[in-house]
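Single-structure report; data block below.
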Amino acid sequence: MKVIPHLASRAARGKNLTICYGIHDFPVGKILVALTAEGICWLGINCTEATLRDNWKGAEFVEDAKVTARAAREIARRWPEKLGQLSIPVVLYGTAFQLKVWKELLKIKSGSTVTYEQIAQKIGSPKAVRAVGSAVGKNTVSIVVPCHRVVNKASGKVNYGWGPAVKKALLKAEAA
DNA sequence: ATTTACCGTGCTT
DNA sequence: AAGCACGGTAAAT
C-alpha cells in the first residue's frame, strides 16, 4: 500500500484541496469515503458530511458516490487480511508527531492489538502516552489505518472515535 | 479511592 | 499569545 504523507496542521490541511466523497455499505456500518487527486484521505464510520467538512476546512467538496464506490468496494473486499494490498494510495495529512504515530499503526497486523504505551515506545517518546492517545484519535483514515487495534493496557476500557461498539465489532471480525 | 505527572494538539480567549 | 481540555498509564498519597 502506498502512503503519501503531508506535513500539515488540522487547520491548514484542507487548503487548495478538492475532495470527492460518497457513503457506502460496510460490514460494521456505513462508511464515508473521501478522495483527493492523490488517494484516500478520509474514512469515517457512520460519519456525517458535516464531520467531513469540519475536518477539512477550506477544501472544496464534491459528492460523487460513483467515484468513491470503487475505493469502497476494494476496501470491503480486502478487509481485514489484505488491506495492505490496497491499490489506492493512502493520503495522510498531519503533524510530524501524528504522521509518526499513524505510520506505526500501519504496522499492526490484522488480528492483533497493541497498547498506546507500546506505540509511544516504538516512536521514541515513551512518556508521550497521552499524546499518542490523542494522535490515534485524530486518525483520518479509519479501518485502513487501523487505529481500532490500539487498546488500553487495562482491558475493559474501550475508547473509539466512531463509538466503542464499532471498535469491538471491527476487532471481533478481525480476530483469528 | 483520589491526585499527580507526563506530552502534543486544537479550541477558546 | 496564553490558557484549558483531552487522552492512557503508573505511581504516590
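Simple scheme: letters A, B, ... for chains in C-alpha cells order, numbers from 1 for residues in each chain, numbers from 1 for ligands in the order shown.
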* Enumerate as a list in words the residues belonging to chain C that approach chain A to within 10 Å, with only C-alpha atoms (C1' of nucleotides) taken into account. => DC6, DG7, DG8 and DT9 of chain C
Pull N, CA, C and O atoms (P, O5', C5', C4', C3', O3' and C1' of nucleotides) from the residues just selected and write them as a PDB file, in the first residue's frame.
```pdb
ATOM      1  P    DC C   6     -12.765  17.910  29.022  1.00  0.00           P
ATOM      2  O5'  DC C   6     -12.205  16.804  28.020  1.00  0.00           O
ATOM      3  C5'  DC C   6     -10.933  17.042  27.465  1.00  0.00           C
ATOM      4  C4'  DC C   6     -10.697  16.144  26.302  1.00  0.00           C
ATOM      5  C3'  DC C   6     -10.494  14.689  26.736  1.00  0.00           C
ATOM      6  O3'  DC C   6     -10.968  13.790  25.757  1.00  0.00           O
ATOM      7  C1'  DC C   6      -8.417  15.671  26.001  1.00  0.00           C
ATOM      8  P    DG C   7     -11.265  12.299  26.129  1.00  0.00           P
ATOM      9  O5'  DG C   7      -9.878  11.589  25.817  1.00  0.00           O
ATOM     10  C5'  DG C   7      -9.449  11.388  24.463  1.00  0.00           C
ATOM     11  C4'  DG C   7      -8.119  10.713  24.543  1.00  0.00           C
ATOM     12  C3'  DG C   7      -8.134   9.594  25.608  1.00  0.00           C
ATOM     13  O3'  DG C   7      -7.494   8.409  25.160  1.00  0.00           O
ATOM     14  C1'  DG C   7      -6.461  11.198  26.090  1.00  0.00           C
ATOM     15  P    DG C   8      -7.743   7.042  26.043  1.00  0.00           P
ATOM     16  O5'  DG C   8      -6.298   6.754  26.647  1.00  0.00           O
ATOM     17  C5'  DG C   8      -5.261   6.384  25.747  1.00  0.00           C
ATOM     18  C4'  DG C   8      -4.105   5.800  26.521  1.00  0.00           C
ATOM     19  C3'  DG C   8      -4.478   4.668  27.466  1.00  0.00           C
ATOM     20  O3'  DG C   8      -3.447   3.709  27.361  1.00  0.00           O
ATOM     21  C1'  DG C   8      -3.503   6.451  28.688  1.00  0.00           C
ATOM     22  P    DT C   9      -3.347   2.439  28.272  1.00  0.00           P
ATOM     23  O5'  DT C   9      -2.486   2.944  29.504  1.00  0.00           O
ATOM     24  C5'  DT C   9      -1.086   3.131  29.281  1.00  0.00           C
ATOM     25  C4'  DT C   9      -0.413   3.451  30.581  1.00  0.00           C
ATOM     26  C3'  DT C   9      -0.715   2.465  31.704  1.00  0.00           C
ATOM     27  O3'  DT C   9       0.514   1.852  32.031  1.00  0.00           O
ATOM     28  C1'  DT C   9      -0.795   4.724  32.441  1.00  0.00           C
TER      29       DT C   9
END
```
* To do: Give the strand (DSSP E or B) residues of chain A, as assigned by DSSP on the backbone, as a PyMOL selection string.
  => chain A and resi 3-7+18-26+29-35+40-45+60-63+90-94+114-115+141+150-151
Could the residues in this selection be written to a file with N, CA and C atoms, as a compact mmCIF listing (two decimals), in the first residue's frame?
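Wrote selection_9.txt, looks like this:
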```txt
# COMPACT_ATOMS: atom_id res chain seq x y z
N VAL A 3 1.74 5.03 0.73
CA VAL A 3 1.35 6.04 1.71
C VAL A 3 1.94 7.37 1.29
N ILE A 4 1.10 8.38 1.21
CA ILE A 4 1.57 9.71 0.83
C ILE A 4 1.37 10.67 2.00
N PRO A 5 2.45 10.97 2.75
CA PRO A 5 2.32 11.84 3.91
C PRO A 5 2.47 13.31 3.56
N HIS A 6 1.71 14.14 4.27
CA HIS A 6 1.83 15.59 4.11
C HIS A 6 1.90 16.21 5.48
N LEU A 7 2.88 17.08 5.68
CA LEU A 7 3.00 17.79 6.94
C LEU A 7 2.01 18.94 6.94
N THR A 18 -9.35 19.56 -3.41
CA THR A 18 -10.69 19.18 -3.83
C THR A 18 -10.92 17.76 -3.36
N ILE A 19 -12.00 17.57 -2.65
CA ILE A 19 -12.30 16.28 -2.04
C ILE A 19 -13.60 15.71 -2.59
N CYS A 20 -13.51 14.48 -3.08
CA CYS A 20 -14.66 13.80 -3.63
C CYS A 20 -15.10 12.73 -2.64
N TYR A 21 -16.38 12.71 -2.28
CA TYR A 21 -16.78 11.77 -1.23
C TYR A 21 -18.09 11.06 -1.55
N GLY A 22 -18.30 9.95 -0.85
CA GLY A 22 -19.54 9.20 -1.01
C GLY A 22 -19.70 8.26 0.18
N ILE A 23 -20.94 7.81 0.38
CA ILE A 23 -21.23 6.92 1.50
C ILE A 23 -21.59 5.54 0.97
N HIS A 24 -21.00 4.52 1.62
CA HIS A 24 -21.16 3.15 1.12
C HIS A 24 -21.37 2.18 2.27
N ASP A 25 -21.89 1.00 1.95
CA ASP A 25 -22.10 -0.02 2.98
C ASP A 25 -20.80 -0.71 3.33
N PHE A 26 -20.70 -1.05 4.60
CA PHE A 26 -19.54 -1.79 5.09
C PHE A 26 -20.07 -2.68 6.21
N GLY A 29 -21.05 -0.88 9.44
CA GLY A 29 -21.80 0.37 9.36
C GLY A 29 -21.59 1.02 8.01
N LYS A 30 -22.13 2.22 7.84
CA LYS A 30 -21.91 2.96 6.60
C LYS A 30 -20.56 3.65 6.69
N ILE A 31 -19.79 3.60 5.63
CA ILE A 31 -18.53 4.33 5.66
C ILE A 31 -18.59 5.51 4.70
N LEU A 32 -18.04 6.63 5.16
CA LEU A 32 -17.93 7.80 4.30
C LEU A 32 -16.48 7.81 3.81
N VAL A 33 -16.32 7.63 2.51
CA VAL A 33 -15.00 7.57 1.89
C VAL A 33 -14.74 8.88 1.16
N ALA A 34 -13.58 9.47 1.39
CA ALA A 34 -13.25 10.73 0.71
C ALA A 34 -11.89 10.62 0.02
N LEU A 35 -11.83 11.11 -1.19
CA LEU A 35 -10.62 11.01 -2.01
C LEU A 35 -10.13 12.37 -2.47
N ILE A 40 -6.91 8.11 -1.02
CA ILE A 40 -7.93 8.22 0.03
C ILE A 40 -7.41 9.05 1.20
N CYS A 41 -8.16 10.08 1.58
CA CYS A 41 -7.71 10.97 2.64
C CYS A 41 -8.58 10.87 3.88
N TRP A 42 -9.74 10.22 3.78
CA TRP A 42 -10.66 10.17 4.91
C TRP A 42 -11.55 8.94 4.82
N LEU A 43 -11.73 8.29 5.95
CA LEU A 43 -12.71 7.23 6.02
C LEU A 43 -13.36 7.31 7.38
N GLY A 44 -14.65 7.60 7.40
CA GLY A 44 -15.39 7.72 8.66
C GLY A 44 -16.50 6.69 8.71
N ILE A 45 -16.79 6.18 9.90
CA ILE A 45 -17.82 5.16 10.05
C ILE A 45 -19.08 5.79 10.64
N GLU A 60 -12.65 22.09 -1.10
CA GLU A 60 -13.84 22.11 -1.95
C GLU A 60 -14.37 20.68 -2.00
N PHE A 61 -15.68 20.52 -1.81
CA PHE A 61 -16.25 19.17 -1.72
C PHE A 61 -17.15 18.85 -2.90
N VAL A 62 -17.01 17.63 -3.39
CA VAL A 62 -17.87 17.16 -4.48
C VAL A 62 -18.42 15.80 -4.06
N GLU A 63 -19.74 15.70 -3.95
CA GLU A 63 -20.30 14.39 -3.64
C GLU A 63 -20.43 13.60 -4.92
N VAL A 90 -2.84 5.85 0.28
CA VAL A 90 -3.42 6.42 1.49
C VAL A 90 -2.75 7.77 1.71
N VAL A 91 -3.54 8.81 1.78
CA VAL A 91 -3.02 10.16 1.89
C VAL A 91 -3.18 10.65 3.32
N LEU A 92 -2.05 10.93 3.98
CA LEU A 92 -2.09 11.35 5.38
C LEU A 92 -1.68 12.81 5.53
N TYR A 93 -2.53 13.60 6.14
CA TYR A 93 -2.21 15.00 6.45
C TYR A 93 -2.14 15.12 7.96
N GLY A 94 -0.96 15.45 8.50
CA GLY A 94 -0.87 15.58 9.94
C GLY A 94 0.42 16.24 10.35
N VAL A 114 -2.21 -3.62 19.95
CA VAL A 114 -1.10 -3.09 20.73
C VAL A 114 -1.67 -2.03 21.68
N THR A 115 -0.90 -1.64 22.69
CA THR A 115 -1.37 -0.62 23.61
C THR A 115 -0.82 0.74 23.19
N VAL A 141 -8.04 8.18 8.48
CA VAL A 141 -8.42 7.10 7.58
C VAL A 141 -8.68 5.81 8.37
N VAL A 150 -5.49 -0.34 18.54
CA VAL A 150 -4.77 0.18 19.70
C VAL A 150 -5.75 0.17 20.87
N VAL A 151 -5.36 -0.52 21.93
CA VAL A 151 -6.27 -0.71 23.05
C VAL A 151 -5.64 -0.25 24.36
```
Only residues of chain B matter here; which ones have an atom within 12 Å of chain A, counting only C-alpha atoms (C1' of nucleotides)? Give them as a short mmCIF file (atom, residue, chain, number, x, y, z; two decimals) with C-alpha atoms (C1' of nucleotides), in the first residue's frame.
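Contents of iface-v2.cif, freshly written:
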```cif
data_model
loop_
_atom_site.label_atom_id
_atom_site.label_comp_id
_atom_site.auth_asym_id
_atom_site.auth_seq_id
_atom_site.Cartn_x
_atom_site.Cartn_y
_atom_site.Cartn_z
"C1'" DA B 5 2.86 13.74 36.47
"C1'" DC B 6 3.98 13.23 31.69
"C1'" DC B 7 3.14 15.11 26.05
"C1'" DG B 8 1.08 17.04 21.79
"C1'" DT B 9 -2.82 19.27 19.73
"C1'" DG B 10 -6.59 22.18 18.87
"C1'" DC B 11 -10.07 25.29 20.60
#
```
* Asked: Which parts of range 7-171 of chain A does DSSP call helix (DSSP H, G or I) when run on the backbone here, written out as a VMD selection string?
  -> chain A and resid 49 to 55 65 to 78 83 to 85 96 to 105 116 to 122 129 to 137 147 to 149 164 to 171
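CA of Lys122 in chain A lies 21.4 Å from CA of Lys2 in chain A.
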